[in-house]
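Structure record follows, encoded as structure tokens.
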Amino acid sequence: MKHKFKYLISIVIVSSFLLGFSNKVIALSKDNVIYKNIYIEDIDVSFLNMKDAIDLVKSKYKEKTIKLTYEDKTYTLSPKDIDLSFNIDKAVKKAFLYTRHYDVFTNVKRKFNLRLKDKNKIKLVSTYNEYKLSSIINNICKDIDIEKTDATININDNGSIKRTKAKNGKKVNKIKLKEIIYDMIVNKNLSDINIPIDITIPKISTEDVNSINTILGQFSTTFNHTTSRGSNINIAGKSTSDKLIMPHDEFSYNKSTGSRTCHNGYKTAKVIIGGKYVNGEGGGVCQVSTTIYNAALISGMDITEVHNHTFASRYSPIGRDAAVSYGYTDFKFQNPLKHPIYIKNIVNNGVITSKIYGCDEDREKIYITTKTIYEKDKIKVDTLRIYLDEEDNKIREEIVNKNVYKKK
């Protein structure tokens, strides 16, 4: 009986405590302040009304204007420009309502935990308009970005050289700039920014064009300039002239001329098709490819594609012609030198001369020879390139092409 009495006394005491606590909770819930131990980010907003809590949070997390600077240019990015908000009002309201749940028991539980030093932290959620930010950054790019400019070289028929210098370009690093702004928005820590800039380097430098100072090799062929064939040679000669070929880059004859059609100014003249001479558009252009081929041979270019004609040509030594047919066979070479080369074709009064200019440091002593074997119905010709030292001793030789011609 004694133990039962003590048990009843304990129940009464605990019930009284809970009743008193509950009454205190209900009383506090009527106050117009945020309950204790509630934080917004790292700011304690306990016992503050909503207005004071908003002012306190805004004093640390400010939605302020950002200055973006590059050299003497400054741009302003205001919160209004991109609809930026840290949503402080929403966070404070959430803090205020945390202990004002519609369920009384939830409120009692939350307040009980908060009174036992359990903190409730509420995050600020930043929002902004990505489209508006991108639009502003794009306008900044338009104002700052400068395209890189390659150096240029132009060699006249008389050999005079005109050069222009290269200029570096610059571009706003949009990805990096967006990342910086995004990180500041997420971390609610806005500050001024130095706009990140990437410098773009021209492919053709001033040093590249300045290195071109001599003729590495040249070759000439003759033709009747009063004919349709002569007109085609003139057009093809111009379209393959004034070409700058950087180290390891490749020259393609067909790519330079484009299709040899009437639309591009070419006329009908004799061409070889299936071992027979017939009329066709662009007749004569093989003489231009052949002339450039020989200049390339003497200049030390790596010949990557070359084809001989069905019959030996009248305008070049046997074994040293370059037949081309648009869409089928091409003439190509690669520049193996340390410096760029420049192709210059001069067409004048029935003579086409192809000159390959380059750097005197790359010039080698080269001569071209052929080995010919005559058979019953064909002629086999090996085209060889021979390199000499300063005393004209042979250093090495290479077979450039193996040609097979039909006898006429």
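Simple scheme: letters A, B, ... for chains in structure tokens order, numbers from 1 for residues in each chain, numbers from 1 for ligands in the order shown.
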Give me the residues within 9 Å of range 384-394 of chain A as a VMD selection string, counting only C-alpha atoms and dropping any in the same chain fewer than 6 places off.
chain A and resid 297 to 298 300 364 to 371 400 to 401
Neighbour list for range 65-73 of chain A as a short mmCIF file (atom, residue, chain, number, x, y, z; two decimals) with all heavy atoms, in the first residue's frame, cut-off 8 Å, only C-alpha atoms, skip fewer than 3 positions in-chain:
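Now in around.cif:
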```
data_model
loop_
_atom_site.label_atom_id
_atom_site.label_comp_id
_atom_site.auth_asym_id
_atom_site.auth_seq_id
_atom_site.Cartn_x
_atom_site.Cartn_y
_atom_site.Cartn_z
N THR A 76 28.12 47.02 -63.85
CA THR A 76 27.41 46.79 -62.59
C THR A 76 26.34 45.73 -62.79
O THR A 76 25.63 45.72 -63.80
CB THR A 76 26.77 48.08 -62.06
OG1 THR A 76 25.88 48.61 -63.04
CG2 THR A 76 27.83 49.10 -61.71
N LEU A 77 26.25 44.86 -61.79
CA LEU A 77 25.26 43.79 -61.81
C LEU A 77 24.45 43.89 -60.52
O LEU A 77 24.89 43.49 -59.46
CB LEU A 77 25.95 42.43 -61.90
CG LEU A 77 25.08 41.19 -61.98
CD1 LEU A 77 24.26 41.19 -63.26
CD2 LEU A 77 25.93 39.93 -61.90
N SER A 78 23.27 44.50 -60.64
CA SER A 78 22.43 44.69 -59.46
C SER A 78 21.54 43.47 -59.24
O SER A 78 21.24 42.75 -60.20
CB SER A 78 21.57 45.95 -59.60
OG SER A 78 20.54 45.73 -60.55
N PRO A 79 21.12 43.23 -57.99
CA PRO A 79 20.21 42.10 -57.72
C PRO A 79 18.96 42.15 -58.58
O PRO A 79 18.47 41.12 -59.05
CB PRO A 79 19.88 42.27 -56.24
CG PRO A 79 21.06 42.99 -55.66
CD PRO A 79 21.51 43.93 -56.74
N LEU A 190 28.44 38.24 -51.71
CA LEU A 190 28.64 38.99 -52.95
C LEU A 190 29.80 39.97 -52.81
O LEU A 190 29.94 40.65 -51.80
CB LEU A 190 27.37 39.76 -53.31
CG LEU A 190 26.08 38.93 -53.41
CD1 LEU A 190 24.92 39.81 -53.82
CD2 LEU A 190 26.25 37.76 -54.37
N SER A 191 30.65 40.01 -53.83
CA SER A 191 31.78 40.94 -53.83
C SER A 191 32.11 41.30 -55.27
O SER A 191 31.62 40.66 -56.21
CB SER A 191 32.99 40.33 -53.14
OG SER A 191 33.41 39.16 -53.80
N ASP A 192 32.96 42.29 -55.47
CA ASP A 192 33.34 42.72 -56.81
C ASP A 192 34.23 41.67 -57.47
O ASP A 192 34.92 40.89 -56.81
CB ASP A 192 34.06 44.07 -56.76
CG ASP A 192 33.14 45.18 -56.26
OD1 ASP A 192 31.91 45.00 -56.34
OD2 ASP A 192 33.64 46.22 -55.80
N ILE A 193 34.19 41.67 -58.81
CA ILE A 193 34.87 40.61 -59.58
C ILE A 193 35.79 41.23 -60.62
O ILE A 193 35.41 42.19 -61.31
CB ILE A 193 33.84 39.72 -60.30
CG1 ILE A 193 32.91 39.05 -59.29
CG2 ILE A 193 34.53 38.67 -61.16
CD1 ILE A 193 31.74 38.33 -59.96
N ASN A 194 36.98 40.67 -60.75
CA ASN A 194 37.83 40.95 -61.91
C ASN A 194 37.45 39.94 -63.00
O ASN A 194 37.57 38.73 -62.79
CB ASN A 194 39.31 40.80 -61.55
CG ASN A 194 39.78 41.92 -60.66
OD1 ASN A 194 39.40 43.07 -60.82
ND2 ASN A 194 40.63 41.60 -59.69
N ILE A 195 36.97 40.44 -64.12
CA ILE A 195 36.46 39.56 -65.18
C ILE A 195 37.59 38.69 -65.71
O ILE A 195 38.64 39.20 -66.14
CB ILE A 195 35.86 40.40 -66.32
CG1 ILE A 195 34.67 41.23 -65.80
CG2 ILE A 195 35.41 39.51 -67.47
CD1 ILE A 195 34.14 42.24 -66.79
#
```
Asn156 in chain A environment, 10 Å, only C-alpha atoms, sequence neighbours closer than 4 positions dropped, as a list in words:
Ser160, Ile161, Lys162, Asp242, Lys344, Asn345 and Ile346 of chain A
Selection export as a PDB file, in the first residue's frame, atoms kept: N, CA and C atoms:
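Output contents, as saved in selection02.pdb:
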```pdb
ATOM      1  N   SER A 160      58.383  41.756-104.568  1.00  0.00           N
ATOM      2  CA  SER A 160      58.287  42.615-103.386  1.00  0.00           C
ATOM      3  C   SER A 160      57.303  41.998-102.389  1.00  0.00           C
ATOM      4  N   ILE A 161      57.655  42.126-101.110  1.00  0.00           N
ATOM      5  CA  ILE A 161      56.876  41.464-100.061  1.00  0.00           C
ATOM      6  C   ILE A 161      56.212  42.500 -99.154  1.00  0.00           C
ATOM      7  N   LYS A 162      54.923  42.312 -98.910  1.00  0.00           N
ATOM      8  CA  LYS A 162      54.190  43.147 -97.973  1.00  0.00           C
ATOM      9  C   LYS A 162      53.664  42.262 -96.844  1.00  0.00           C
ATOM     10  N   ASP A 242      49.416  32.479-104.056  1.00  0.00           N
ATOM     11  CA  ASP A 242      49.320  33.259-102.809  1.00  0.00           C
ATOM     12  C   ASP A 242      48.761  32.406-101.669  1.00  0.00           C
ATOM     13  N   LYS A 344      53.651  31.120-104.959  1.00  0.00           N
ATOM     14  CA  LYS A 344      53.369  32.265-105.837  1.00  0.00           C
ATOM     15  C   LYS A 344      53.423  31.807-107.289  1.00  0.00           C
ATOM     16  N   ASN A 345      52.281  31.905-107.977  1.00  0.00           N
ATOM     17  CA  ASN A 345      52.231  31.587-109.402  1.00  0.00           C
ATOM     18  C   ASN A 345      52.153  32.877-110.210  1.00  0.00           C
ATOM     19  N   ILE A 346      52.955  32.950-111.229  1.00  0.00           N
ATOM     20  CA  ILE A 346      52.947  34.119-112.131  1.00  0.00           C
ATOM     21  C   ILE A 346      52.601  33.622-113.531  1.00  0.00           C
TER      22      ILE A 346
END
```
Near Ala312 in chain A, counting only C-alpha atoms, which residues have an atom at most 10 Å away, once you skip same-chain residues fewer than 5 positions from it, shown as a PDB file with N, CA and C atoms, in the first residue's frame?
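This went into result.pdb:
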```pdb
ATOM      1  N   PRO A 317      59.241  17.487-118.335  1.00  0.00           N
ATOM      2  CA  PRO A 317      60.046  16.271-118.532  1.00  0.00           C
ATOM      3  C   PRO A 317      59.248  15.037-118.140  1.00  0.00           C
ATOM      4  N   ILE A 318      59.485  13.927-118.788  1.00  0.00           N
ATOM      5  CA  ILE A 318      58.781  12.695-118.474  1.00  0.00           C
ATOM      6  C   ILE A 318      59.080  12.287-117.021  1.00  0.00           C
ATOM      7  N   GLY A 319      58.045  11.835-116.338  1.00  0.00           N
ATOM      8  CA  GLY A 319      58.198  11.453-114.934  1.00  0.00           C
ATOM      9  C   GLY A 319      58.021  12.602-113.957  1.00  0.00           C
ATOM     10  N   ARG A 320      57.719  13.789-114.503  1.00  0.00           N
ATOM     11  CA  ARG A 320      57.602  14.955-113.617  1.00  0.00           C
ATOM     12  C   ARG A 320      56.301  15.722-113.861  1.00  0.00           C
ATOM     13  N   ASP A 321      55.253  14.997-114.223  1.00  0.00           N
ATOM     14  CA  ASP A 321      53.950  15.618-114.418  1.00  0.00           C
ATOM     15  C   ASP A 321      53.013  15.217-113.287  1.00  0.00           C
ATOM     16  N   ILE A 379      56.155   2.866-120.835  1.00  0.00           N
ATOM     17  CA  ILE A 379      57.405   3.480-120.371  1.00  0.00           C
ATOM     18  C   ILE A 379      57.313   3.595-118.854  1.00  0.00           C
ATOM     19  N   ASN A 403      56.280   6.123-112.108  1.00  0.00           N
ATOM     20  CA  ASN A 403      55.324   6.473-113.162  1.00  0.00           C
ATOM     21  C   ASN A 403      55.291   5.376-114.238  1.00  0.00           C
ATOM     22  N   VAL A 404      54.126   5.175-114.796  1.00  0.00           N
ATOM     23  CA  VAL A 404      53.972   4.261-115.936  1.00  0.00           C
ATOM     24  C   VAL A 404      53.147   4.964-117.003  1.00  0.00           C
ATOM     25  N   TYR A 405      53.725   5.087-118.225  1.00  0.00           N
ATOM     26  CA  TYR A 405      53.047   5.765-119.331  1.00  0.00           C
ATOM     27  C   TYR A 405      52.800   4.764-120.466  1.00  0.00           C
ATOM     28  N   LYS A 406      51.727   5.041-121.209  1.00  0.00           N
ATOM     29  CA  LYS A 406      51.506   4.307-122.440  1.00  0.00           C
ATOM     30  C   LYS A 406      52.301   4.951-123.553  1.00  0.00           C
ATOM     31  N   LYS A 407      52.784   4.117-124.444  1.00  0.00           N
ATOM     32  CA  LYS A 407      53.429   4.688-125.619  1.00  0.00           C
ATOM     33  C   LYS A 407      52.377   5.189-126.582  1.00  0.00           C
ATOM     34  N   LYS A 408      52.685   6.310-127.237  1.00  0.00           N
ATOM     35  CA  LYS A 408      51.709   6.870-128.170  1.00  0.00           C
ATOM     36  C   LYS A 408      51.764   6.119-129.476  1.00  0.00           C
TER      37      LYS A 408
END
```
Enumerate the residues of range 109-260 of chain A with a DSSP assignment of helix (DSSP H, G or I), computed from the backbone, and present them as a ChimeraX atom specification.
/A:109-115,130-144,174-186,206-210,228-239,253-257
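Distance-wise, CA of Thr304 in chain A and CA of Phe333 in chain A end up 5.0 Å apart.
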Taking into account only C-alpha atoms, which residue in the set A:Ser59, A:Thr310, A:Thr99, A:Ser316 is nearest to Lys378 in chain A?
A:Thr310
Just list as an MDAnalysis selection string whatever in range 159-406 of chain A DSSP marks as strand (DSSP E or B).
chainID A and resid 161:164 167 169:172 193:194 197:200 214:222 243:245 250:252 268:273 276:281 302:305 325 329 332:334 341:348 351:358 365:374 378:388 394:406
